[in-house]
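Novice: One file: model_1.txt (compact mmCIF, C-alpha atoms and all ligand atoms).
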# COMPACT_ATOMS: atom_id res chain seq x y z
CA MET A 1 -75.92 41.88 -80.85
CA GLY A 2 -79.03 43.96 -80.45
CA VAL A 3 -79.89 45.87 -83.61
CA LYS A 4 -79.89 44.32 -87.06
CA LEU A 5 -79.06 46.39 -90.12
CA GLY A 6 -80.11 45.78 -93.69
CA ILE A 7 -77.69 47.81 -95.80
CA LEU A 8 -78.77 48.52 -99.38
CA GLY A 9 -75.84 49.40 -101.61
CA LEU A 10 -72.13 48.75 -101.32
CA GLY A 11 -70.75 51.64 -103.36
CA THR A 12 -68.45 54.31 -101.94
CA VAL A 13 -70.68 55.26 -99.00
CA GLY A 14 -71.92 51.70 -98.33
CA THR A 15 -68.35 50.40 -98.25
CA GLY A 16 -67.25 53.24 -95.97
CA THR A 17 -70.15 52.54 -93.62
CA VAL A 18 -69.40 48.80 -93.42
CA GLN A 19 -65.72 49.56 -92.79
CA LEU A 20 -66.64 51.95 -89.98
CA LEU A 21 -69.07 49.46 -88.43
CA GLN A 22 -66.37 46.76 -88.53
CA ASP A 23 -63.83 48.98 -86.77
CA VAL A 24 -65.52 49.99 -83.53
CA VAL A 25 -62.61 50.18 -81.06
CA GLY A 26 -62.30 53.67 -79.64
CA ARG A 27 -65.70 54.74 -80.95
CA ASN A 28 -69.01 54.96 -79.11
CA PRO A 29 -69.64 51.61 -77.35
CA LEU A 30 -73.22 51.61 -78.68
CA LEU A 31 -71.74 50.54 -82.02
CA GLU A 32 -71.10 47.14 -80.49
CA GLU A 33 -74.88 46.67 -80.41
CA VAL A 34 -75.08 46.88 -84.19
CA GLU A 35 -75.03 43.85 -86.46
CA ILE A 36 -74.58 44.00 -90.22
CA TYR A 37 -77.28 41.43 -90.86
CA ARG A 38 -77.95 41.71 -94.60
CA VAL A 39 -76.26 43.66 -97.40
CA GLY A 40 -77.97 44.18 -100.74
CA VAL A 41 -75.88 44.70 -103.89
CA ARG A 42 -76.52 44.90 -107.63
CA SER A 43 -73.88 42.34 -108.58
CA LEU A 44 -72.34 39.53 -106.53
CA SER A 45 -69.33 39.22 -108.80
CA LYS A 46 -67.90 42.72 -108.21
CA SER A 47 -64.73 42.83 -106.10
CA ARG A 48 -65.15 44.79 -102.83
CA ASN A 49 -62.96 46.56 -100.31
CA VAL A 50 -64.74 44.96 -97.36
CA GLU A 51 -64.84 41.50 -95.89
CA LEU A 52 -68.36 40.22 -95.42
CA SER A 53 -69.44 36.61 -95.17
CA PRO A 54 -71.06 35.66 -98.48
CA GLU A 55 -74.29 34.46 -96.89
CA ILE A 56 -75.29 37.96 -95.75
CA ILE A 57 -74.88 39.46 -99.25
CA THR A 58 -77.75 39.24 -101.69
CA THR A 59 -79.01 40.87 -104.86
CA ASP A 60 -82.59 40.61 -103.58
CA LEU A 61 -83.04 44.05 -101.99
CA THR A 62 -86.78 43.58 -101.60
CA ALA A 63 -86.17 40.49 -99.45
CA ILE A 64 -84.05 42.65 -97.11
CA VAL A 65 -86.73 45.30 -96.58
CA ASN A 66 -89.29 42.52 -96.04
CA ASP A 67 -87.12 40.51 -93.63
CA PRO A 68 -88.84 40.66 -90.21
CA ALA A 69 -85.49 40.33 -88.40
CA VAL A 70 -84.14 43.62 -89.81
CA ASP A 71 -84.59 46.64 -87.51
CA ILE A 72 -83.01 49.42 -89.60
CA ILE A 73 -82.71 49.80 -93.36
CA VAL A 74 -79.69 51.81 -94.48
CA GLU A 75 -80.44 52.97 -98.03
CA LEU A 76 -77.23 53.85 -99.87
CA ILE A 77 -78.06 52.94 -103.47
CA GLY A 78 -78.89 56.52 -104.51
CA GLY A 79 -81.11 57.55 -107.43
CA LEU A 80 -84.89 57.69 -107.43
CA GLU A 81 -85.95 54.10 -108.13
CA PRO A 82 -85.86 51.52 -106.69
CA ALA A 83 -84.68 53.60 -103.69
CA ARG A 84 -88.10 55.25 -103.15
CA THR A 85 -90.02 51.98 -103.37
CA LEU A 86 -87.60 50.20 -101.04
CA ILE A 87 -87.73 53.00 -98.45
CA LEU A 88 -91.53 53.00 -98.52
CA ALA A 89 -91.63 49.21 -98.18
CA ALA A 90 -89.24 49.33 -95.24
CA ILE A 91 -91.40 51.95 -93.53
CA LYS A 92 -94.54 49.91 -94.18
CA ASN A 93 -92.79 46.97 -92.53
CA GLY A 94 -92.14 49.06 -89.39
CA LYS A 95 -88.43 49.56 -89.95
CA HIS A 96 -86.50 52.75 -89.27
CA VAL A 97 -84.60 54.09 -92.28
CA VAL A 98 -81.25 55.82 -92.66
CA THR A 99 -80.62 57.32 -96.07
CA ALA A 100 -78.02 59.47 -97.83
CA ASN A 101 -80.40 60.03 -100.75
CA LYS A 102 -81.06 63.76 -101.21
CA ALA A 103 -82.74 63.21 -104.58
CA VAL A 104 -85.43 60.93 -103.13
CA ILE A 105 -85.97 63.04 -100.01
CA SER A 106 -86.22 66.36 -101.88
CA ARG A 107 -88.73 64.91 -104.37
CA PHE A 108 -90.69 62.38 -102.31
CA GLY A 109 -90.24 63.75 -98.80
CA GLU A 110 -93.96 64.29 -98.30
CA GLU A 111 -94.84 60.72 -99.25
CA ILE A 112 -91.97 59.22 -97.24
CA PHE A 113 -92.43 61.22 -94.03
CA THR A 114 -96.22 60.84 -94.07
CA ALA A 115 -95.74 57.08 -94.31
CA ALA A 116 -93.06 57.12 -91.59
CA ASN A 117 -95.27 59.11 -89.21
CA GLN A 118 -98.15 56.71 -89.80
CA ALA A 119 -95.90 53.71 -89.16
CA GLY A 120 -94.24 55.30 -86.12
CA VAL A 121 -90.73 55.01 -87.51
CA TYR A 122 -87.92 57.47 -88.21
CA VAL A 123 -86.25 58.38 -91.51
CA MET A 124 -82.79 59.81 -90.81
CA LEU A 125 -80.84 61.74 -93.45
CA GLU A 126 -77.75 63.39 -91.98
CA ALA A 127 -75.62 62.13 -94.90
CA ALA A 128 -77.95 63.61 -97.54
CA VAL A 129 -76.58 67.15 -97.16
CA GLY A 130 -72.96 68.15 -96.61
CA GLY A 131 -71.54 64.60 -96.43
CA GLY A 132 -69.84 64.32 -93.06
CA ILE A 133 -70.89 67.77 -91.81
CA PRO A 134 -73.47 67.56 -89.04
CA VAL A 135 -76.16 70.01 -90.14
CA ILE A 136 -79.44 68.06 -90.20
CA GLN A 137 -79.38 67.15 -86.50
CA PRO A 138 -78.27 70.65 -85.45
CA LEU A 139 -81.18 72.18 -87.42
CA LYS A 140 -83.62 69.62 -85.97
CA GLN A 141 -82.36 69.82 -82.39
CA SER A 142 -79.59 72.17 -81.25
CA LEU A 143 -80.87 75.20 -83.19
CA SER A 144 -84.56 74.35 -83.05
CA VAL A 145 -85.49 77.16 -80.65
CA ASN A 146 -84.23 79.81 -83.08
CA ARG A 147 -86.22 81.80 -85.56
CA ILE A 148 -84.12 81.04 -88.62
CA GLN A 149 -83.55 83.96 -90.96
CA ALA A 150 -81.28 82.35 -93.54
CA VAL A 151 -79.35 79.24 -94.47
CA THR A 152 -76.56 79.91 -96.95
CA GLY A 153 -74.39 77.08 -98.13
CA ILE A 154 -71.59 75.94 -100.36
CA ILE A 155 -73.04 72.45 -100.60
CA ASN A 156 -71.62 71.09 -103.82
CA GLY A 157 -67.98 70.08 -103.68
CA THR A 158 -67.51 69.58 -107.42
CA THR A 159 -68.50 73.12 -108.35
CA ASN A 160 -66.55 74.58 -105.44
CA TYR A 161 -63.47 72.69 -106.61
CA ILE A 162 -63.91 74.00 -110.18
CA LEU A 163 -64.51 77.61 -109.09
CA THR A 164 -61.57 77.49 -106.69
CA ARG A 165 -59.22 76.29 -109.44
CA MET A 166 -60.56 78.87 -111.90
CA GLN A 167 -59.83 81.50 -109.26
CA THR A 168 -56.35 80.35 -108.26
CA GLU A 169 -55.12 79.37 -111.74
CA GLY A 170 -56.97 81.92 -113.86
CA SER A 171 -58.32 79.04 -115.97
CA GLU A 172 -61.54 78.75 -117.97
CA PHE A 173 -64.47 76.60 -116.83
CA ASN A 174 -64.26 73.97 -119.60
CA ASP A 175 -60.54 73.35 -119.07
CA VAL A 176 -60.89 72.89 -115.32
CA LEU A 177 -63.96 70.69 -115.76
CA ALA A 178 -62.13 68.40 -118.19
CA ASP A 179 -59.18 68.14 -115.80
CA ALA A 180 -61.46 67.58 -112.78
CA GLN A 181 -63.12 64.71 -114.66
CA LYS A 182 -59.71 63.21 -115.47
CA LEU A 183 -58.71 63.45 -111.79
CA GLY A 184 -62.02 61.95 -110.62
CA TYR A 185 -63.22 65.12 -108.88
CA ALA A 186 -66.11 65.49 -111.33
CA GLU A 187 -68.44 62.80 -112.67
CA ALA A 188 -68.31 61.70 -116.32
CA ASP A 189 -71.81 63.23 -116.55
CA PRO A 190 -71.36 66.33 -114.38
CA THR A 191 -74.83 67.81 -115.07
CA ALA A 192 -76.30 67.34 -111.59
CA ASP A 193 -73.36 69.09 -110.01
CA ILE A 194 -72.45 71.89 -112.39
CA ASP A 195 -76.01 72.86 -113.27
CA GLY A 196 -76.82 73.27 -109.58
CA LEU A 197 -79.36 70.43 -109.38
CA ASP A 198 -77.53 68.58 -106.58
CA ALA A 199 -77.30 71.80 -104.56
CA ALA A 200 -80.99 72.50 -105.22
CA ASP A 201 -81.99 69.10 -103.76
CA LYS A 202 -79.88 69.84 -100.70
CA ILE A 203 -81.08 73.40 -100.08
CA ALA A 204 -84.69 72.21 -100.42
CA ILE A 205 -84.02 69.78 -97.56
CA LEU A 206 -82.21 72.37 -95.43
CA ALA A 207 -84.93 74.99 -96.03
CA SER A 208 -87.61 72.54 -95.00
CA LEU A 209 -85.84 71.80 -91.71
CA ALA A 210 -84.86 75.41 -91.03
CA PHE A 211 -88.25 76.95 -91.77
CA GLY A 212 -90.50 74.10 -90.68
CA GLY A 213 -92.52 73.44 -93.83
CA ARG A 214 -92.47 71.42 -97.02
CA ILE A 215 -90.56 72.76 -100.02
CA ASN A 216 -91.69 72.10 -103.55
CA LEU A 217 -88.47 71.36 -105.44
CA GLN A 218 -89.86 72.98 -108.62
CA ASP A 219 -90.03 76.31 -106.73
CA VAL A 220 -86.28 76.32 -106.07
CA TYR A 221 -84.61 78.68 -108.56
CA CYS A 222 -81.55 76.96 -109.99
CA GLU A 223 -78.65 78.29 -112.05
CA GLY A 224 -75.32 76.46 -112.39
CA ILE A 225 -71.75 77.60 -113.05
CA ARG A 226 -71.34 76.91 -116.80
CA GLN A 227 -71.50 80.61 -117.66
CA VAL A 228 -68.93 81.76 -115.09
CA THR A 229 -65.77 82.90 -116.89
CA LYS A 230 -62.23 83.61 -115.74
CA THR A 231 -62.84 87.22 -116.79
CA ASP A 232 -65.68 87.54 -114.28
CA ILE A 233 -63.62 85.87 -111.55
CA GLY A 234 -60.78 88.30 -112.31
CA TYR A 235 -63.00 91.38 -112.13
CA ALA A 236 -64.70 90.07 -108.98
CA ALA A 237 -61.26 89.72 -107.34
CA LYS A 238 -60.32 93.29 -108.31
CA LEU A 239 -63.52 94.50 -106.68
CA GLY A 240 -62.89 92.48 -103.48
CA PHE A 241 -65.18 89.51 -104.18
CA VAL A 242 -64.97 85.79 -104.88
CA ILE A 243 -67.52 83.87 -106.96
CA LYS A 244 -69.13 80.87 -105.24
CA LEU A 245 -72.08 78.66 -106.12
CA LEU A 246 -74.35 79.50 -103.20
CA ALA A 247 -77.50 77.70 -102.15
CA ILE A 248 -79.62 80.14 -100.22
CA ALA A 249 -82.86 79.84 -98.27
CA ARG A 250 -83.92 83.14 -96.76
CA SER A 251 -87.03 84.39 -95.08
CA THR A 252 -88.37 87.34 -97.06
CA ASN A 253 -91.30 89.73 -97.49
CA GLU A 254 -91.61 90.30 -93.73
CA ASN A 255 -91.30 86.58 -93.05
CA THR A 256 -94.34 85.68 -95.16
CA GLN A 257 -92.34 83.94 -97.89
CA LEU A 258 -89.07 82.15 -98.50
CA SER A 259 -86.54 82.81 -101.21
CA VAL A 260 -84.89 79.48 -102.06
CA ARG A 261 -82.29 79.54 -104.81
CA VAL A 262 -79.01 78.22 -106.19
CA HIS A 263 -76.81 80.45 -108.33
CA PRO A 264 -73.24 81.69 -108.73
CA THR A 265 -72.83 84.67 -106.42
CA LEU A 266 -70.20 87.33 -105.78
CA ILE A 267 -69.39 87.33 -102.09
CA PRO A 268 -67.09 89.76 -100.28
CA GLN A 269 -63.63 88.30 -99.61
CA SER A 270 -64.23 88.97 -95.90
CA HIS A 271 -67.42 86.84 -95.80
CA PRO A 272 -67.08 83.61 -93.74
CA LEU A 273 -67.95 81.50 -96.83
CA ALA A 274 -65.33 83.17 -99.06
CA SER A 275 -62.42 81.08 -97.76
CA VAL A 276 -64.22 77.74 -98.15
CA ASN A 277 -62.22 76.30 -101.04
CA GLY A 278 -61.69 73.11 -103.02
CA VAL A 279 -64.11 70.26 -102.44
CA TYR A 280 -65.04 71.53 -98.98
CA ASN A 281 -68.60 72.44 -98.03
CA ALA A 282 -69.88 74.92 -95.45
CA ILE A 283 -73.30 75.99 -94.27
CA LEU A 284 -73.92 79.32 -92.57
CA VAL A 285 -77.09 79.47 -90.48
CA GLU A 286 -78.44 82.80 -89.26
CA GLY A 287 -81.12 82.89 -86.61
CA GLU A 288 -82.50 84.69 -83.62
CA PRO A 289 -81.15 84.59 -80.96
CA ILE A 290 -78.14 82.49 -82.08
CA GLY A 291 -76.78 84.99 -84.62
CA GLN A 292 -74.46 83.32 -87.11
CA VAL A 293 -73.23 79.76 -86.82
CA MET A 294 -71.22 78.01 -89.51
CA PHE A 295 -70.66 74.31 -90.22
CA PHE A 296 -67.62 73.37 -92.29
CA GLY A 297 -66.11 70.10 -93.49
CA ALA A 298 -65.91 67.38 -96.08
CA GLY A 299 -69.07 67.37 -98.17
CA ALA A 300 -68.50 63.95 -99.73
CA GLY A 301 -66.25 60.90 -99.60
CA ALA A 302 -66.51 57.44 -98.10
CA GLY A 303 -65.24 58.19 -94.59
CA PRO A 304 -67.00 61.51 -93.93
CA THR A 305 -70.31 60.34 -95.37
CA ALA A 306 -70.06 57.05 -93.45
CA SER A 307 -69.59 59.13 -90.30
CA ALA A 308 -72.95 60.83 -90.93
CA VAL A 309 -74.73 57.58 -91.87
CA THR A 310 -73.40 55.78 -88.80
CA SER A 311 -74.30 58.61 -86.44
CA ASP A 312 -77.88 58.27 -87.67
CA ILE A 313 -77.71 54.51 -87.07
CA LEU A 314 -76.44 55.19 -83.55
CA ASN A 315 -79.26 57.64 -82.87
CA LEU A 316 -81.75 54.96 -83.85
CA VAL A 317 -79.99 52.34 -81.72
CA ALA A 318 -80.23 54.73 -78.76
CA THR A 319 -83.92 55.33 -79.49
CA LEU A 320 -84.60 51.59 -79.65
CA GLN A 321 -82.72 51.03 -76.39
CA THR A 322 -84.59 53.85 -74.66
CA GLN A 323 -87.79 51.89 -75.21
CA THR A 324 -86.54 49.31 -72.68
CA ALA A 325 -83.90 51.16 -70.63
CA LYS A 326 -84.59 54.08 -68.29
CA THR A 327 -82.32 56.52 -70.08
CA ASN A 328 -81.21 57.35 -73.61
CA PRO A 329 -77.57 56.21 -73.84
CA LEU A 330 -76.64 59.11 -76.11
CA LEU A 331 -77.99 61.67 -73.63
CA ALA A 332 -76.83 60.00 -70.42
CA CYS A 333 -73.22 60.22 -69.24
CA VAL A 334 -71.97 56.66 -68.88
CA HIS A 335 -68.21 57.26 -68.59
CA GLN A 336 -66.46 54.89 -66.21
CA HIS A 337 -62.90 56.16 -66.16
CA TYR A 338 -60.74 59.26 -66.28
CA CYS A 339 -58.93 60.01 -69.55
CA GLN A 340 -55.14 60.19 -69.31
CA ILE A 341 -54.04 63.74 -70.11
CA ALA A 342 -50.51 64.12 -71.49
CA PRO A 343 -48.34 66.61 -69.53
CA ILE A 344 -47.59 69.86 -71.35
CA SER A 345 -43.84 69.01 -71.26
CA GLU A 346 -44.60 66.17 -73.72
CA LEU A 347 -46.35 68.46 -76.18
CA ASN A 348 -44.81 68.53 -79.65
CA THR A 349 -45.16 71.98 -81.11
CA ARG A 350 -43.35 74.82 -82.82
CA PHE A 351 -42.39 77.86 -80.75
CA TYR A 352 -41.96 81.55 -81.43
CA ALA A 353 -39.57 83.28 -79.03
CA ARG A 354 -38.42 86.89 -78.89
CA PHE A 355 -35.13 87.65 -77.13
CA LEU A 356 -33.63 90.97 -76.07
CA THR A 357 -29.84 90.59 -76.10
CA GLU A 358 -26.61 92.55 -75.88
CA ASP A 359 -25.49 93.56 -79.33
CA HIS A 360 -22.29 91.47 -79.25
CA PRO A 361 -20.70 89.34 -81.91
CA GLY A 362 -21.63 85.64 -81.59
CA VAL A 363 -24.94 86.04 -79.70
CA ILE A 364 -27.02 84.34 -82.41
CA GLY A 365 -24.35 81.62 -82.56
CA LYS A 366 -24.64 81.00 -78.80
CA LEU A 367 -28.42 80.83 -79.04
CA GLY A 368 -28.17 78.32 -81.88
CA THR A 369 -25.61 76.18 -80.03
CA CYS A 370 -27.77 76.06 -76.93
CA PHE A 371 -30.88 75.11 -78.90
CA GLY A 372 -28.91 72.47 -80.79
CA LYS A 373 -27.68 70.92 -77.52
CA TYR A 374 -31.30 70.12 -76.58
CA GLY A 375 -32.35 68.97 -80.04
CA VAL A 376 -34.27 72.16 -80.87
CA SER A 377 -34.08 72.86 -84.58
CA LEU A 378 -34.72 76.41 -85.77
CA GLU A 379 -36.99 77.14 -88.69
CA SER A 380 -36.12 80.84 -88.85
CA VAL A 381 -34.06 83.44 -87.04
CA VAL A 382 -34.39 87.19 -87.56
CA GLN A 383 -32.83 90.15 -85.92
CA THR A 384 -35.53 92.73 -86.27
CA GLY A 385 -33.90 95.82 -84.77
CA PHE A 386 -33.22 97.39 -81.43
CA GLN A 387 -35.21 98.22 -78.31
CA GLY A 388 -33.64 100.56 -75.80
CA GLY A 389 -30.14 99.69 -76.95
CA LEU A 390 -30.76 95.94 -76.91
CA ALA A 391 -30.87 93.76 -80.02
CA GLU A 392 -34.20 92.07 -80.70
CA ILE A 393 -33.87 88.50 -82.01
CA VAL A 394 -36.90 86.42 -82.99
CA VAL A 395 -36.76 82.68 -83.60
CA VAL A 396 -39.34 80.16 -84.79
CA THR A 397 -38.51 76.51 -84.10
CA HIS A 398 -39.44 73.34 -85.93
CA ASP A 399 -41.63 70.90 -83.97
CA VAL A 400 -39.95 70.19 -80.65
CA GLN A 401 -40.94 68.55 -77.39
CA GLU A 402 -41.87 71.34 -75.01
CA GLY A 403 -39.75 69.89 -72.19
CA ASP A 404 -36.60 70.00 -74.37
CA PHE A 405 -37.38 73.54 -75.50
CA ARG A 406 -37.84 74.69 -71.88
CA GLN A 407 -34.50 73.15 -70.92
CA ALA A 408 -32.81 75.01 -73.77
CA LEU A 409 -34.48 78.26 -72.70
CA ALA A 410 -33.43 77.79 -69.07
CA GLU A 411 -29.82 77.52 -70.20
CA ILE A 412 -30.16 80.43 -72.64
CA GLN A 413 -31.43 82.61 -69.80
CA THR A 414 -28.14 82.06 -67.96
CA LEU A 415 -26.09 83.40 -70.90
CA GLU A 416 -24.57 86.76 -70.10
CA ALA A 417 -25.59 88.31 -73.41
CA ILE A 418 -29.30 87.50 -72.91
CA ASN A 419 -31.17 90.33 -71.25
CA SER A 420 -34.73 88.90 -71.33
CA ILE A 421 -37.23 86.78 -73.25
CA PRO A 422 -40.28 89.05 -73.43
CA SER A 423 -42.38 86.74 -75.67
CA LEU A 424 -42.87 83.02 -75.91
CA LEU A 425 -45.74 81.65 -78.00
CA ARG A 426 -46.66 78.27 -79.48
CA VAL A 427 -47.01 78.08 -83.27
CA LEU A 428 -49.60 75.79 -84.87
N1 LIG A 501 -71.71 65.36 -106.00
C1 LIG A 501 -71.72 65.97 -104.72
C2 LIG A 501 -70.70 67.11 -104.68
C3 LIG A 501 -71.39 65.03 -103.58
O1 LIG A 501 -69.96 67.34 -105.63
O2 LIG A 501 -70.66 67.78 -103.65
C4 LIG A 501 -72.53 64.16 -103.18
O3 LIG A 501 -73.59 64.92 -102.65
Could you spell out this file's structure in structure tokens?
Specialist:
Amino acid sequence: MGVKLGILGLGTVGTGTVQLLQDVVGRNPLLEEVEIYRVGVRSLSKSRNVELSPEIITTDLTAIVNDPAVDIIVELIGGLEPARTLILAAIKNGKHVVTANKAVISRFGEEIFTAANQAGVYVMLEAAVGGGIPVIQPLKQSLSVNRIQAVTGIINGTTNYILTRMQTEGSEFNDVLADAQKLGYAEADPTADIDGLDAADKIAILASLAFGGRINLQDVYCEGIRQVTKTDIGYAAKLGFVIKLLAIARSTNENTQLSVRVHPTLIPQSHPLASVNGVYNAILVEGEPIGQVMFFGAGAGAGPTASAVTSDILNLVATLQTQTAKTNPLLACVHQHYCQIAPISELNTRFYARFLTEDHPGVIGKLGTCFGKYGVSLESVVQTGFQGGLAEIVVVTHDVQEGDFRQALAEIQTLEAINSIPSLLRVL
């Protein structure tokens, strides 16, 4: 075991992260270098969904950030304090930090990153925006050569869920909110989400990375979704729009200023963000020369957020290893074997097939019998008309093994009534 973690917090994200770290088979082998060394919790008596030996769990979080054996602090307690103080202490003690805490980063980023730079350590925050969606690393690395023009996101799942239901059901905001709270999609105190504050924290972080400067959170204009009514959503639909809570950071005034804001916005139904529904998040980045690139996925939840947290941990493990090895294990190709690729005949898929046949009685019956002989079940059959005197029959199958389907087709082709099979496509 090479790298020792001190994990602070065993809530939804902390539990997901521990579960991921304890289930490494089939994931990046670097994960085997990681040891869950200490876990800090508020209460020892709470029942947990993870198995950890009792001696690594403590309520003394300060002792974890001061423990010289710990290499990386993973801060997953959320909120402003004691998270800020613990992060700063960890940095002072020369430890790298992984955090999912957008509230701390958007408010105390200057203090935290100044301290980290002085101490020569990294503060990683992929999980702070968009849950499992990789957007921080892409902005820092893959897109870093671009001149960014705009970052536009649906980055709050709760409000997107509420607006989506208002749109599909024609319901009012208060009714959907109450139901969302009952179902656990919205917090008992939903203020941070529905008033746009959570999205404001996140767009401040994204704007800072995209435009390469600090963002004062107080300068981010913020308006939530309380005043959006079903009447507005109805009129928007008639005019070809949907209403989404957008977080926008855009270069403006000939690139001398930024406009950074969160507010409900009418967007054309054809816009790439218009079909992002339910609790999903998406972030559209526009830059030169990349053009548009969009990131989409689960913006919250134990598994997706743990994926982001653990990818940050892995990046730090690779960085620590690079100090002694010749190459960075995340950049080098270290594969030792060839992957086994399944033959196409073993593919399970639905098929669409179009047949041109004689217009005789019993042709559809013969097709069906032949398919049935090879275990191919049909989802739909339509005779759409005629082409040059031949009947046109279209079938869509249920999931079938491609090899069986091909055998059925080979036999069908020998039937006298079948003239040709001009189209054969796989259906997702
Ligand atoms: N409360 C957030 C949301 C998830 O509804 O998207 C955590 O950032």
Novice: What does the list of residues within 9 Å of ligand LIG 501 (chain A) look like if you count all atoms listed in the file, written as an MDAnalysis selection string?
Specialist: chainID A and resid 100:102 127:131 154:161 185:187 190 192:194 198:199 202 279:281 298:301 305
Novice: Just write the chosen residues, C-alpha atoms, as a PDB file, in the frame of the given file.
Specialist:
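That gives us part22.pdb:
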ATOM      1  CA  ALA A 100     -78.020  59.470 -97.830  1.00  0.00           C
ATOM      2  CA  ASN A 101     -80.400  60.030-100.750  1.00  0.00           C
ATOM      3  CA  LYS A 102     -81.060  63.760-101.210  1.00  0.00           C
ATOM      4  CA  ALA A 127     -75.620  62.130 -94.900  1.00  0.00           C
ATOM      5  CA  ALA A 128     -77.950  63.610 -97.540  1.00  0.00           C
ATOM      6  CA  VAL A 129     -76.580  67.150 -97.160  1.00  0.00           C
ATOM      7  CA  GLY A 130     -72.960  68.150 -96.610  1.00  0.00           C
ATOM      8  CA  GLY A 131     -71.540  64.600 -96.430  1.00  0.00           C
ATOM      9  CA  ILE A 154     -71.590  75.940-100.360  1.00  0.00           C
ATOM     10  CA  ILE A 155     -73.040  72.450-100.600  1.00  0.00           C
ATOM     11  CA  ASN A 156     -71.620  71.090-103.820  1.00  0.00           C
ATOM     12  CA  GLY A 157     -67.980  70.080-103.680  1.00  0.00           C
ATOM     13  CA  THR A 158     -67.510  69.580-107.420  1.00  0.00           C
ATOM     14  CA  THR A 159     -68.500  73.120-108.350  1.00  0.00           C
ATOM     15  CA  ASN A 160     -66.550  74.580-105.440  1.00  0.00           C
ATOM     16  CA  TYR A 161     -63.470  72.690-106.610  1.00  0.00           C
ATOM     17  CA  TYR A 185     -63.220  65.120-108.880  1.00  0.00           C
ATOM     18  CA  ALA A 186     -66.110  65.490-111.330  1.00  0.00           C
ATOM     19  CA  GLU A 187     -68.440  62.800-112.670  1.00  0.00           C
ATOM     20  CA  PRO A 190     -71.360  66.330-114.380  1.00  0.00           C
ATOM     21  CA  ALA A 192     -76.300  67.340-111.590  1.00  0.00           C
ATOM     22  CA  ASP A 193     -73.360  69.090-110.010  1.00  0.00           C
ATOM     23  CA  ILE A 194     -72.450  71.890-112.390  1.00  0.00           C
ATOM     24  CA  ASP A 198     -77.530  68.580-106.580  1.00  0.00           C
ATOM     25  CA  ALA A 199     -77.300  71.800-104.560  1.00  0.00           C
ATOM     26  CA  LYS A 202     -79.880  69.840-100.700  1.00  0.00           C
ATOM     27  CA  VAL A 279     -64.110  70.260-102.440  1.00  0.00           C
ATOM     28  CA  TYR A 280     -65.040  71.530 -98.980  1.00  0.00           C
ATOM     29  CA  ASN A 281     -68.600  72.440 -98.030  1.00  0.00           C
ATOM     30  CA  ALA A 298     -65.910  67.380 -96.080  1.00  0.00           C
ATOM     31  CA  GLY A 299     -69.070  67.370 -98.170  1.00  0.00           C
ATOM     32  CA  ALA A 300     -68.500  63.950 -99.730  1.00  0.00           C
ATOM     33  CA  GLY A 301     -66.250  60.900 -99.600  1.00  0.00           C
ATOM     34  CA  THR A 305     -70.310  60.340 -95.370  1.00  0.00           C
TER      35      THR A 305
END
Novice: Using all atoms listed in the file, find each residue in range 1-22 of chain A having at least one atom no more than 12 Å away from range 42-53 of chain A; report its shortest atom-to-atom pair and that distance in Å (one decimal), rows by chain then rising number, as JSON lines.
Specialist:
{"residue": "A:Leu8", "atom": "CA", "partner": "A:Arg42", "partner_atom": "CA", "distance": 9.3}
{"residue": "A:Gly9", "atom": "CA", "partner": "A:Arg42", "partner_atom": "CA", "distance": 7.5}
{"residue": "A:Leu10", "atom": "CA", "partner": "A:Arg48", "partner_atom": "CA", "distance": 8.2}
{"residue": "A:Gly11", "atom": "CA", "partner": "A:Arg48", "partner_atom": "CA", "distance": 8.9}
{"residue": "A:Thr12", "atom": "CA", "partner": "A:Asn49", "partner_atom": "CA", "distance": 9.6}
{"residue": "A:Val13", "atom": "CA", "partner": "A:Asn49", "partner_atom": "CA", "distance": 11.7}
{"residue": "A:Gly14", "atom": "CA", "partner": "A:Val50", "partner_atom": "CA", "distance": 9.9}
{"residue": "A:Thr15", "atom": "CA", "partner": "A:Val50", "partner_atom": "CA", "distance": 6.6}
{"residue": "A:Gly16", "atom": "CA", "partner": "A:Val50", "partner_atom": "CA", "distance": 8.8}
{"residue": "A:Thr17", "atom": "CA", "partner": "A:Val50", "partner_atom": "CA", "distance": 10.0}
{"residue": "A:Val18", "atom": "CA", "partner": "A:Val50", "partner_atom": "CA", "distance": 7.2}
{"residue": "A:Gln19", "atom": "CA", "partner": "A:Val50", "partner_atom": "CA", "distance": 6.6}
{"residue": "A:Leu20", "atom": "CA", "partner": "A:Val50", "partner_atom": "CA", "distance": 10.3}
{"residue": "A:Leu21", "atom": "CA", "partner": "A:Val50", "partner_atom": "CA", "distance": 10.9}
{"residue": "A:Gln22", "atom": "CA", "partner": "A:Val50", "partner_atom": "CA", "distance": 9.2}
Novice: Calculated over all atoms listed in the file, which of the candidates A:Ile205, A:Ala282, A:Ala236, A:Met294 has the smallest distance to Ile267 in chain A?
Specialist: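 Nearest to Ile267 in chain A: A:Ala236.
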Novice: Restricting the calculation to only C-alpha atoms: of A:Asn315, A:Thr349, A:Gln340, A:Gln321, which residue gets closest to Val98 in chain A?
Specialist: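 Closest to Val98 in chain A, using only C-alpha atoms: A:Asn315.
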Novice: Near Glu32 in chain A, within 10 Å and counting all atoms listed in the file, which residues show up once chain neighbours fewer than 6 positions away are dropped, as a PyMOL selection string?
Specialist: chain A and resi 1-3+21-25
Novice: List the neighbours of range 380-386 of chain A out to 7 Å using all atoms listed in the file; skip same-chain residues closer than 5 positions along the sequence, and give me the result as an MDAnalysis selection string.
Specialist: chainID A and resid 391:397
